[in-house]
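Shown here: input33.txt, compact mmCIF, C-alpha atoms and all ligand atoms.
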# COMPACT_ATOMS: atom_id res chain seq x y z
CA MET A 1 -73.44 -11.26 50.79
CA TYR A 2 -77.04 -10.11 50.80
CA LEU A 3 -79.10 -11.82 48.08
CA THR A 4 -82.61 -10.99 46.97
CA ASP A 5 -85.21 -13.78 47.07
CA GLU A 6 -84.89 -14.20 43.33
CA GLU A 7 -81.07 -14.45 43.57
CA LYS A 8 -81.39 -17.02 46.36
CA ARG A 9 -83.72 -19.10 44.21
CA ILE A 10 -81.22 -19.01 41.35
CA LEU A 11 -78.49 -20.10 43.78
CA ASP A 12 -80.74 -22.95 44.93
CA GLY A 13 -81.00 -24.18 41.35
CA GLU A 14 -84.55 -23.10 40.54
CA LYS A 15 -83.48 -21.71 37.15
CA GLY A 16 -81.25 -24.62 36.17
CA GLU A 17 -77.75 -25.83 36.77
CA ILE A 18 -75.93 -23.25 34.61
CA ALA A 19 -77.73 -20.32 36.24
CA GLN A 20 -76.89 -21.87 39.62
CA ARG A 21 -73.21 -22.23 38.66
CA SER A 22 -73.12 -18.67 37.38
CA MET A 23 -74.71 -17.37 40.57
CA SER A 24 -72.29 -19.43 42.73
CA PHE A 25 -69.43 -17.83 40.84
CA LEU A 26 -70.76 -14.29 41.35
CA VAL A 27 -71.35 -14.92 45.05
CA GLU A 28 -67.95 -16.49 45.71
CA TYR A 29 -66.10 -13.89 43.67
CA GLY A 30 -68.17 -11.04 45.11
CA GLU A 31 -67.53 -12.16 48.68
CA ALA A 32 -63.79 -12.44 47.98
CA ALA A 33 -63.91 -8.87 46.64
CA GLY A 34 -65.84 -7.60 49.68
CA ALA A 35 -69.12 -6.96 47.81
CA GLU A 36 -72.19 -6.79 50.06
CA ARG A 37 -74.70 -7.36 47.26
CA LEU A 38 -75.16 -7.82 43.55
CA ILE A 39 -76.18 -5.05 41.16
CA ASP A 40 -78.43 -5.45 38.14
CA ILE A 41 -76.43 -4.46 35.08
CA ASP A 42 -78.16 -1.58 33.28
CA GLY A 43 -75.23 -0.91 30.92
CA THR A 44 -73.36 -3.48 28.84
CA VAL A 45 -71.17 -6.57 29.18
CA ASP A 46 -68.03 -7.39 27.24
CA VAL A 47 -66.88 -11.00 27.09
CA HIS A 48 -63.88 -12.89 25.79
CA PRO A 49 -65.91 -15.65 24.14
CA LEU A 50 -64.93 -19.20 25.13
CA ALA A 51 -62.54 -18.04 27.85
CA ASP A 52 -62.85 -20.09 31.02
CA TRP A 53 -60.77 -18.04 33.40
CA ILE A 54 -62.00 -20.03 36.42
CA PRO A 55 -62.27 -23.69 35.31
CA GLN A 56 -64.57 -24.88 38.11
CA TYR A 57 -67.21 -22.36 37.02
CA ALA A 58 -66.64 -22.66 33.26
CA VAL A 59 -69.64 -23.10 30.99
CA THR A 60 -68.78 -25.47 28.15
CA LEU A 61 -69.63 -24.93 24.53
CA ASP A 62 -72.08 -27.84 24.61
CA GLU A 63 -73.82 -26.24 27.57
CA VAL A 64 -74.09 -22.93 25.69
CA ARG A 65 -75.57 -24.86 22.73
CA GLU A 66 -78.14 -26.41 25.07
CA LEU A 67 -79.10 -23.00 26.40
CA VAL A 68 -79.54 -21.74 22.84
CA LYS A 69 -81.82 -24.69 22.05
CA LYS A 70 -83.96 -23.77 25.03
CA GLY A 71 -84.24 -20.22 23.68
CA GLU A 72 -82.10 -18.66 26.41
CA ARG A 73 -80.29 -15.38 25.73
CA PHE A 74 -77.85 -13.05 27.50
CA LYS A 75 -79.84 -10.75 29.79
CA VAL A 76 -78.05 -7.55 28.82
CA PRO A 77 -76.39 -6.08 25.71
CA THR A 78 -73.26 -8.21 25.33
CA PHE A 79 -70.29 -7.49 23.07
CA ALA A 80 -67.42 -9.75 22.04
CA ASN A 81 -63.86 -8.87 22.86
CA LYS A 82 -61.21 -10.71 20.83
CA PRO A 83 -61.41 -14.51 21.15
CA VAL A 84 -58.72 -15.92 23.44
CA ALA A 85 -59.41 -19.63 23.79
CA PRO A 86 -57.82 -19.95 21.37
CA GLY A 87 -56.96 -16.52 20.02
CA PHE A 88 -57.23 -16.48 16.25
CA ILE A 89 -57.25 -13.95 13.45
CA ILE A 90 -60.65 -12.83 12.16
CA ASP A 91 -59.65 -11.03 8.91
CA GLY A 92 -56.49 -11.24 6.84
CA TRP A 93 -55.64 -14.68 8.28
CA GLU A 94 -54.88 -16.06 4.79
CA LYS A 95 -51.81 -13.81 4.62
CA CYS A 96 -50.54 -14.01 8.20
CA GLY A 97 -47.96 -16.69 7.37
CA LEU A 98 -48.53 -18.62 10.62
CA PRO A 99 -49.00 -22.39 10.20
CA LYS A 100 -52.14 -22.72 12.33
CA ASN A 101 -53.76 -19.37 11.68
CA SER A 102 -53.44 -19.56 7.90
CA ASP A 103 -55.15 -22.99 7.85
CA PRO A 104 -58.77 -22.51 6.64
CA GLU A 105 -59.93 -25.49 8.68
CA TYR A 106 -58.49 -24.04 11.89
CA ARG A 107 -60.28 -20.78 11.30
CA ARG A 108 -63.54 -22.46 10.27
CA LYS A 109 -63.61 -24.54 13.46
CA ASN A 110 -62.87 -21.53 15.65
CA MET A 111 -65.51 -19.36 14.00
CA GLU A 112 -68.01 -22.20 14.32
CA ALA A 113 -67.27 -22.44 18.05
CA LEU A 114 -68.28 -18.80 18.48
CA GLN A 115 -71.69 -19.29 16.88
CA PRO A 116 -73.52 -20.45 20.04
CA TYR A 117 -72.40 -17.24 21.78
CA ILE A 118 -73.69 -15.22 18.85
CA ASP A 119 -76.94 -17.19 19.01
CA MET A 120 -77.19 -16.22 22.70
CA GLY A 121 -77.10 -12.57 21.58
CA MET A 122 -73.39 -11.72 21.77
CA ILE A 123 -72.58 -9.01 19.22
CA PRO A 124 -69.44 -10.15 17.36
CA ILE A 125 -67.26 -7.04 17.47
CA PHE A 126 -64.16 -9.17 18.24
CA SER A 127 -61.87 -6.44 19.44
CA CYS A 128 -60.11 -5.21 22.55
CA ASN A 129 -61.39 -1.73 21.69
CA TYR A 130 -64.94 -2.81 20.86
CA TYR A 131 -66.03 0.38 22.60
CA LEU A 132 -64.79 2.39 19.61
CA VAL A 133 -66.97 0.50 17.13
CA SER A 134 -69.83 -1.13 19.02
CA SER A 135 -72.26 1.75 18.21
CA PHE A 136 -74.00 1.15 21.55
CA LEU A 137 -72.33 2.41 24.69
CA PRO A 138 -73.35 2.67 28.33
CA THR A 139 -74.19 6.15 29.58
CA VAL A 140 -73.16 8.00 32.74
CA GLY A 141 -73.73 5.99 35.92
CA GLN A 142 -74.77 2.75 34.22
CA HIS A 143 -73.37 -0.44 35.73
CA CYS A 144 -71.41 -2.67 33.36
CA ALA A 145 -69.10 -5.69 33.37
CA TRP A 146 -66.22 -5.11 30.97
CA VAL A 147 -62.77 -6.60 30.49
CA GLU A 148 -59.50 -5.38 28.90
CA SER A 149 -56.95 -2.90 30.14
CA SER A 150 -57.80 0.10 27.96
CA ALA A 151 -61.56 -0.56 28.11
CA ILE A 152 -61.97 -0.38 31.89
CA PRO A 153 -60.71 3.22 32.28
CA TRP A 154 -62.56 4.11 29.07
CA ALA A 155 -65.85 3.02 30.63
CA ASN A 156 -65.16 4.65 34.01
CA ALA A 157 -63.24 7.80 33.14
CA ILE A 158 -64.38 8.71 29.62
CA LEU A 159 -67.98 7.49 29.59
CA GLY A 160 -68.70 7.87 33.32
CA ALA A 161 -70.17 4.34 33.35
CA ARG A 162 -69.17 1.92 36.13
CA THR A 163 -67.21 -1.27 35.73
CA ASN A 164 -64.59 -3.51 37.26
CA PHE A 165 -62.69 -6.14 35.31
CA ASP A 166 -65.37 -8.82 35.27
CA GLY A 167 -67.06 -9.16 31.90
CA CYS A 168 -67.72 -12.88 31.39
CA PHE A 169 -70.38 -15.42 30.48
CA HIS A 170 -71.81 -15.39 34.01
CA THR A 171 -72.29 -11.62 34.30
CA ALA A 172 -73.85 -11.51 30.82
CA TYR A 173 -76.08 -14.53 31.40
CA LEU A 174 -77.47 -13.35 34.75
CA GLY A 175 -77.22 -9.60 34.03
CA LYS A 176 -75.74 -9.11 37.49
CA VAL A 177 -72.37 -8.12 38.92
CA PRO A 178 -70.93 -7.88 42.45
CA ALA A 179 -71.18 -4.36 43.88
CA TYR A 180 -67.64 -3.38 44.80
CA ASP A 181 -64.82 -1.02 43.82
CA MET A 182 -65.79 1.09 40.78
CA HIS A 183 -69.53 0.47 41.18
CA LEU A 184 -69.52 2.43 44.45
CA ASP A 185 -69.39 6.24 44.65
CA GLU A 186 -66.82 6.32 47.44
CA ASN A 187 -64.20 4.36 45.47
CA ARG A 188 -64.44 6.56 42.39
CA ARG A 189 -63.20 9.74 44.06
CA ALA A 190 -59.66 10.82 43.19
CA THR A 191 -57.03 10.52 45.91
CA VAL A 192 -53.91 11.72 44.10
CA LEU A 193 -53.39 14.80 41.96
CA VAL A 194 -51.05 14.07 39.04
CA LYS A 195 -49.56 17.17 37.42
CA CYS A 196 -48.19 16.60 33.96
CA GLU A 197 -45.17 18.90 33.71
CA THR A 198 -44.18 18.09 30.17
CA GLU A 199 -46.05 18.83 26.98
CA LEU A 200 -47.59 15.61 25.64
CA LYS A 201 -47.36 15.82 21.87
CA SER A 202 -47.27 12.41 20.24
CA ASP A 203 -49.13 9.12 20.63
CA ILE A 204 -46.20 7.51 22.44
CA ASP A 205 -45.92 10.53 24.76
CA TYR A 206 -49.41 9.59 26.00
CA ASP A 207 -48.46 5.89 26.14
CA LEU A 208 -45.35 6.69 28.22
CA PHE A 209 -47.26 9.13 30.41
CA GLY A 210 -49.94 6.48 31.10
CA TRP A 211 -47.27 3.97 32.07
CA ALA A 212 -45.43 6.43 34.32
CA VAL A 213 -48.67 7.39 36.10
CA GLY A 214 -49.69 3.73 36.42
CA GLU A 215 -46.37 2.87 38.04
CA ALA A 216 -46.63 5.83 40.41
CA VAL A 217 -50.23 5.37 41.57
CA ASP A 218 -50.96 1.64 40.94
CA LEU A 219 -54.47 1.09 42.44
CA GLU A 220 -55.18 4.69 43.43
CA VAL A 221 -57.57 6.93 41.49
CA PRO A 222 -55.62 9.85 40.01
CA ALA A 223 -56.87 13.23 38.84
CA LEU A 224 -54.77 14.17 35.81
CA VAL A 225 -54.10 17.83 35.01
CA GLY A 226 -52.03 19.38 32.26
CA ILE A 227 -52.44 16.56 29.74
CA GLY A 228 -53.50 18.81 26.86
CA LYS A 229 -56.10 17.74 24.34
CA PRO A 230 -55.47 14.06 23.51
CA THR A 231 -56.87 12.51 20.34
CA THR A 232 -58.92 9.32 20.53
CA SER A 233 -55.84 7.26 19.61
CA GLN A 234 -53.83 8.96 22.35
CA LEU A 235 -56.52 8.41 24.98
CA VAL A 236 -56.76 4.72 24.08
CA LYS A 237 -52.98 4.37 24.39
CA MET A 238 -52.90 6.27 27.67
CA ASN A 239 -55.67 4.08 29.09
CA SER A 240 -54.00 0.84 28.09
CA ALA A 241 -50.68 1.95 29.62
CA LEU A 242 -52.31 3.26 32.84
CA ASN A 243 -53.76 -0.20 33.35
CA THR A 244 -50.62 -2.12 32.35
CA GLY A 245 -47.85 -0.07 33.99
CA GLY A 246 -50.21 0.06 37.01
CA GLN A 247 -53.80 -0.92 37.74
CA VAL A 248 -55.64 2.32 37.08
CA ARG A 249 -59.29 1.42 36.53
CA MET A 250 -60.54 4.95 36.99
CA TYR A 251 -59.08 8.43 36.68
CA HIS A 252 -60.41 11.92 36.35
CA VAL A 253 -59.51 14.55 33.83
CA PRO A 254 -61.36 17.61 35.11
CA GLY A 255 -63.58 18.87 32.33
CA LEU A 256 -63.50 15.56 30.44
CA THR A 257 -64.58 12.92 32.96
CA PRO A 258 -68.36 13.24 33.30
CA GLU A 259 -68.37 13.22 37.11
CA ALA A 260 -65.46 15.68 37.39
CA PRO A 261 -66.31 19.06 35.90
CA THR A 262 -63.63 20.54 38.22
CA VAL A 263 -60.60 19.35 40.23
CA GLU A 264 -62.64 19.75 43.43
CA ALA A 265 -65.42 17.57 42.02
CA ALA A 266 -62.86 14.87 41.16
CA PHE A 267 -61.65 14.67 44.78
CA GLN A 268 -64.89 15.37 46.67
CA GLY A 269 -62.81 16.14 49.74
CA ASN A 270 -60.68 12.99 49.40
CA TYR A 271 -57.36 14.63 48.37
CA GLN A 272 -54.38 12.79 49.84
CA ARG A 273 -51.26 13.63 47.86
CA GLU A 274 -49.80 15.17 44.73
CA ILE A 275 -47.14 14.02 42.27
CA SER A 276 -45.59 15.44 39.11
CA ILE A 277 -44.71 13.60 35.93
CA THR A 278 -41.85 15.18 33.99
CA ARG A 279 -40.03 14.47 30.72
CA ALA A 280 -37.45 12.54 32.77
CA ASP A 281 -40.18 10.15 33.93
CA LEU A 282 -41.23 9.53 30.33
CA ARG A 283 -37.58 8.99 29.40
CA ARG A 284 -37.16 6.44 32.22
CA VAL A 285 -40.17 4.43 30.98
CA TYR A 286 -38.95 4.77 27.38
CA ASP A 287 -35.54 3.36 28.35
CA LYS A 288 -37.19 0.51 30.24
CA LEU A 289 -39.28 -0.44 27.20
CA ASN A 290 -36.34 -0.21 24.77
CA TYR A 291 -34.05 -3.06 25.66
CA ALA A 292 -33.10 -4.47 22.26
CA THR A 293 -29.41 -4.42 21.46
CA LYS A 294 -29.29 -5.43 17.78
CA GLU A 295 -30.51 -2.84 15.33
CA ASP A 296 -31.76 -5.47 12.84
CA VAL A 297 -35.50 -5.98 13.30
CA ASP A 298 -37.35 -9.26 12.38
CA PHE A 299 -40.94 -8.26 13.05
CA VAL A 300 -42.85 -4.99 13.37
CA TYR A 301 -46.18 -5.04 15.16
CA LEU A 302 -48.61 -2.11 15.16
CA GLY A 303 -52.11 -2.09 16.62
CA CYS A 304 -52.20 -2.65 20.36
CA PRO A 305 -54.88 -1.73 21.29
CA HIS A 306 -56.29 -2.45 17.84
CA TYR A 307 -55.73 0.43 15.46
CA ASN A 308 -58.74 2.61 14.67
CA ILE A 309 -59.50 3.60 11.09
CA TYR A 310 -57.58 6.88 11.30
CA ASP A 311 -54.47 5.07 12.59
CA ILE A 312 -54.72 2.76 9.58
CA CYS A 313 -54.99 5.81 7.27
CA ARG A 314 -51.81 7.26 8.80
CA ALA A 315 -49.93 3.95 8.52
CA ALA A 316 -51.03 3.44 4.90
CA LYS A 317 -49.84 6.92 4.00
CA LEU A 318 -46.39 6.15 5.43
CA LEU A 319 -46.25 2.88 3.47
CA GLU A 320 -47.61 4.08 0.14
CA GLY A 321 -45.15 3.37 -2.66
CA LYS A 322 -42.60 1.79 -0.28
CA LYS A 323 -41.41 -1.81 0.17
CA CYS A 324 -40.92 -3.50 3.52
CA LYS A 325 -37.80 -5.52 4.23
CA THR A 326 -39.21 -6.83 7.49
CA LEU A 327 -42.46 -8.58 8.32
CA LEU A 328 -45.05 -5.94 9.29
CA TRP A 329 -48.41 -6.64 10.92
CA ILE A 330 -51.03 -3.96 11.42
CA MET A 331 -53.87 -5.17 13.64
CA THR A 332 -57.31 -3.60 13.79
CA ASN A 333 -60.87 -4.50 14.73
CA PRO A 334 -63.00 -6.35 12.14
CA SER A 335 -65.28 -3.32 11.55
CA SER A 336 -62.39 -0.97 10.75
CA TYR A 337 -60.85 -3.72 8.60
CA GLN A 338 -63.94 -3.56 6.36
CA VAL A 339 -63.71 0.24 6.12
CA ALA A 340 -59.98 0.00 5.34
CA GLU A 341 -60.81 -2.47 2.59
CA ARG A 342 -63.41 -0.08 1.14
CA MET A 343 -60.91 2.79 1.26
CA GLY A 344 -58.19 0.80 -0.54
CA LEU A 345 -55.94 0.96 2.53
CA ARG A 346 -55.52 -2.80 2.85
CA LYS A 347 -54.20 -2.89 -0.72
CA ILE A 348 -51.73 -0.05 -0.06
CA ILE A 349 -50.42 -1.88 3.01
CA GLU A 350 -50.17 -5.19 1.18
CA ASP A 351 -48.53 -3.64 -1.89
CA ALA A 352 -45.83 -2.39 0.48
CA GLY A 353 -45.39 -5.93 1.86
CA GLY A 354 -47.28 -5.42 5.12
CA VAL A 355 -50.29 -7.37 6.34
CA LEU A 356 -53.54 -5.91 7.69
CA LEU A 357 -55.22 -8.24 10.17
CA SER A 358 -58.12 -8.07 12.56
CA GLY A 359 -59.44 -9.49 15.79
CA SER A 360 -56.34 -10.66 17.64
CA CYS A 361 -52.67 -9.82 18.32
CA PRO A 362 -49.41 -11.70 18.94
CA GLY A 363 -50.09 -11.54 22.67
CA ALA A 364 -53.45 -13.28 22.23
CA LEU A 365 -52.49 -15.85 19.58
CA LEU A 366 -51.03 -19.20 20.44
CA GLU A 367 -48.33 -18.69 17.81
CA THR A 368 -46.22 -15.78 16.60
CA PRO A 369 -43.97 -15.25 13.60
CA PRO A 370 -40.39 -16.48 14.18
CA MET A 371 -38.56 -13.53 15.68
CA LYS A 372 -35.80 -12.45 17.98
CA VAL A 373 -36.12 -8.68 17.62
CA MET A 374 -39.50 -6.97 17.46
CA ALA A 375 -40.44 -3.31 17.09
CA THR A 376 -43.76 -1.96 18.32
CA ASP A 377 -45.46 1.32 19.15
CA SER A 378 -47.29 -0.19 22.12
CA ALA A 379 -46.02 -0.33 25.69
CA LYS A 380 -48.69 -2.92 26.49
CA GLN A 381 -47.80 -5.29 23.65
CA ASN A 382 -44.13 -4.90 24.52
CA TYR A 383 -44.83 -5.93 28.11
CA TYR A 384 -47.14 -8.86 27.33
CA LEU A 385 -45.19 -10.39 24.50
CA THR A 386 -41.87 -10.26 26.28
CA GLY A 387 -43.43 -12.06 29.24
CA MET A 388 -44.97 -14.70 27.00
CA PHE A 389 -41.64 -15.49 25.35
CA TYR A 390 -39.94 -16.15 28.67
CA PRO A 391 -37.60 -18.04 29.16
CA GLU A 392 -36.67 -17.41 25.50
CA LYS A 393 -35.25 -13.98 24.94
CA LEU A 394 -37.20 -11.47 22.88
CA ASP A 395 -35.57 -8.13 22.20
CA VAL A 396 -37.98 -5.24 21.73
CA TRP A 397 -37.64 -1.77 20.28
CA TYR A 398 -40.38 0.65 21.24
CA GLY A 399 -41.16 3.86 19.41
CA SER A 400 -43.63 5.82 17.31
CA MET A 401 -45.69 4.50 14.40
CA GLU A 402 -43.35 6.42 12.07
CA GLU A 403 -40.24 4.82 13.61
CA CYS A 404 -41.78 1.35 13.48
CA ILE A 405 -42.77 1.71 9.84
CA ASN A 406 -39.33 3.04 9.04
CA ALA A 407 -37.90 -0.10 10.72
CA ALA A 408 -40.19 -2.27 8.56
CA ILE A 409 -38.98 -0.52 5.41
CA THR A 410 -35.26 -0.43 6.22
CA GLY A 411 -35.05 -3.56 8.40
CA LYS A 412 -33.20 -1.51 11.01
CA TRP A 413 -34.21 0.41 14.10
CA SER A 414 -33.46 4.06 14.57
CA SER A 415 -35.14 6.57 16.84
CA ASP A 416 -34.82 10.19 17.82
CA TRP A 417 -37.55 10.28 20.48
CA ARG A 418 -36.77 12.69 23.28
FE1 LIG A 501 -55.61 -5.66 22.13
FE2 LIG A 501 -53.86 -7.59 22.09
FE3 LIG A 501 -53.19 -5.25 22.92
S1 LIG A 501 -55.96 -7.80 22.38
S2 LIG A 501 -54.94 -4.36 23.85
S3 LIG A 501 -53.89 -5.78 20.83
S4 LIG A 501 -52.59 -7.13 23.90

Go through the file and emit its structure as structure tokens.
Ligand code: F3S
Amino acid sequence: MYLTDEEKRILDGEKGEIAQRSMSFLVEYGEAAGAERLIDIDGTVDVHPLADWIPQYAVTLDEVRELVKKGERFKVPTFANKPVAPGFIIDGWEKCGLPKNSDPEYRRKNMEALQPYIDMGMIPIFSCNYYLVSSFLPTVGQHCAWVESSAIPWANAILGARTNFDGCFHTAYLGKVPAYDMHLDENRRATVLVKCETELKSDIDYDLFGWAVGEAVDLEVPALVGIGKPTTSQLVKMNSALNTGGQVRMYHVPGLTPEAPTVEAAFQGNYQREISITRADLRRVYDKLNYATKEDVDFVYLGCPHYNIYDICRAAKLLEGKKCKTLLWIMTNPSSYQVAERMGLRKIIEDAGGVLLSGSCPGALLETPPMKVMATDSAKQNYYLTGMFYPEKLDVWYGSMEECINAAITGKWSSDWR
């Protein structure tokens, strides 16, 4: 990989051992990915604080504290995704009912561990959809280092910024990222035209569509036509499913994606094939995600990706004046939690027997409520949680917010999705 003189000096240790380790990581990872150089990040970074995905390059908490003492800061605007090492609940933890997460000492220690990152300049959004609440977003063409399934296509396809899945301490600390895949013009062009041949009406229609497209195109860049006018909630769901059912980091919706005002602009001469997604494809994914057999439900989980404030409004309206028979969690980001509190929505949810939480999810926590049958409105959560329970069996029902809340109130699953 080509390195500038300054980058070589960092690699040689001139700026200290942690900068050297961070640069070694970027070089080794960049070379494995086929990058020929590093790019200076001019957008933003998103990190899972405390996560050490690659142990030999991990930067310990004590080392971060030392950097803080020396006055060192992240080089670029850096935002916190949900904590994952360990995952813990930011708001509402007192009522979650989990032994570890409802222990004040456990939460205090975990919050304390995040402080050095905050002192380095990390903005504590603590959410997988930090991009909905961060109030500072990259603009078209800016290079970023983000993580999270729904966030990556959001940056690339909705904002027109450029990112792979590599937001971490090292990219934030050095403000650099290997130049490969979505940072390069040639990899962003669409190769496959995806015609949506069914009307997408509901949130789960977009979730199922995203999954079906992800399965069909995997790593290719699709241009999506005929998807109607999705709401923000629907786009977030579609993005998370595109990048869970497959590995879609970038797509084009002509007229919506900044670099694709037209279908031709999306392909830039790179058209290779065309597929159609029909109602039958959505039905196939729906059947795959609905594999519970018992209609009694133990746990209902809503908020993957974290619910936005309007989702919480809709859920609270469905719960107002009702009583849940089954444990119900509604997960949001800490900022929307505060707004929900101010609007009286948390109280409505709690009066109905549900719990509003922020900053994590069952898939990110190290513990979950005791359950054998779960209901959720998220294809992604369904996929992750089932895998994490293995080899124990977890039965999952998948359906709309309305169906899930109905299951929480009645204790039983019923659905009429078609
Ligand atoms: Fe977010 Fe957890 Fe889903 S972190 S995207 S709610 S798996």

Next on the checklist: Just want the residues within 9 Å of ligand LIG 501 (chain A), written as a ChimeraX atom specification, counting all atoms listed in the file.
Outcome noted: /A:81-84,127-129,148-151,237,240,302-307,331-332,359-365,378,380-385

Checklist entry - How many Å lie between atom CA of A:Thr326 and atom CA of A:Asp377, rounded to one decimal? => result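 Computing it gives 15.5 Å between the two atoms.
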
Item to check | For A:Phe209, the nearest of the candidates A:Glu259, A:Asp62, A:Asp281, A:Glu274, counting all atoms listed in the file | outcome: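 Checking each of A:Glu259, A:Asp62, A:Asp281, A:Glu274 against A:Phe209, counting all atoms listed in the file, the winner is A:Asp281.
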
Next on the checklist: Between A:Val194, A:Val47, A:Leu224, A:Leu366, which residue has the minimum interatomic distance to A:Ile125, considering only C-alpha atoms?
Outcome noted: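 Residue with the minimum atom-to-atom distance to A:Ile125: A:Val47.
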
Checklist entry - Closest to A:Tyr251 among A:Glu264, A:Trp154, A:Leu208, A:Lys288, using only C-alpha atoms? => result A:Trp154

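Here atom CA of A:Val213 is placed at a distance of 24.7 Å from atom CA of A:Ala33.
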
Output file: stretch 267-279 of chain A, N, CA and C atoms, as a tab-separated table (two decimals), in the first residue's frame:
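Result saved to part_17.tsv:
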chain	number	residue	atom	x	y	z
A	267	PHE	N	-26.30	3.54	-13.28
A	267	PHE	CA	-25.47	2.48	-13.87
A	267	PHE	C	-24.17	3.00	-14.49
A	268	GLN	N	-24.20	4.20	-15.01
A	268	GLN	CA	-23.02	4.75	-15.71
A	268	GLN	C	-22.40	3.72	-16.66
A	269	GLY	N	-23.27	3.08	-17.42
A	269	GLY	CA	-22.80	2.13	-18.44
A	269	GLY	C	-22.43	0.76	-17.89
A	270	ASN	N	-22.74	0.49	-16.63
A	270	ASN	CA	-22.28	-0.75	-16.00
A	270	ASN	C	-23.38	-1.79	-15.84
A	271	TYR	N	-24.51	-1.60	-16.54
A	271	TYR	CA	-25.67	-2.51	-16.41
A	271	TYR	C	-25.28	-3.94	-16.75
A	272	GLN	N	-25.64	-4.88	-15.87
A	272	GLN	CA	-25.33	-6.28	-16.17
A	272	GLN	C	-26.55	-7.20	-16.20
A	273	ARG	N	-27.53	-6.93	-15.35
A	273	ARG	CA	-28.69	-7.81	-15.35
A	273	ARG	C	-29.87	-7.13	-14.68
A	274	GLU	N	-31.01	-7.82	-14.72
A	274	GLU	CA	-32.25	-7.25	-14.19
A	274	GLU	C	-33.01	-8.35	-13.45
A	275	ILE	N	-33.59	-8.03	-12.31
A	275	ILE	CA	-34.45	-8.99	-11.63
A	275	ILE	C	-35.73	-8.29	-11.19
A	276	SER	N	-36.74	-9.09	-10.88
A	276	SER	CA	-38.00	-8.53	-10.37
A	276	SER	C	-38.26	-9.10	-8.99
A	277	ILE	N	-38.82	-8.29	-8.13
A	277	ILE	CA	-39.25	-8.77	-6.81
A	277	ILE	C	-40.78	-8.66	-6.78
A	278	THR	N	-41.43	-9.78	-6.51
A	278	THR	CA	-42.89	-9.82	-6.53
A	278	THR	C	-43.43	-10.06	-5.12
A	279	ARG	N	-44.77	-10.06	-5.01
A	279	ARG	CA	-45.38	-10.38	-3.71
A	279	ARG	C	-44.98	-11.78	-3.24
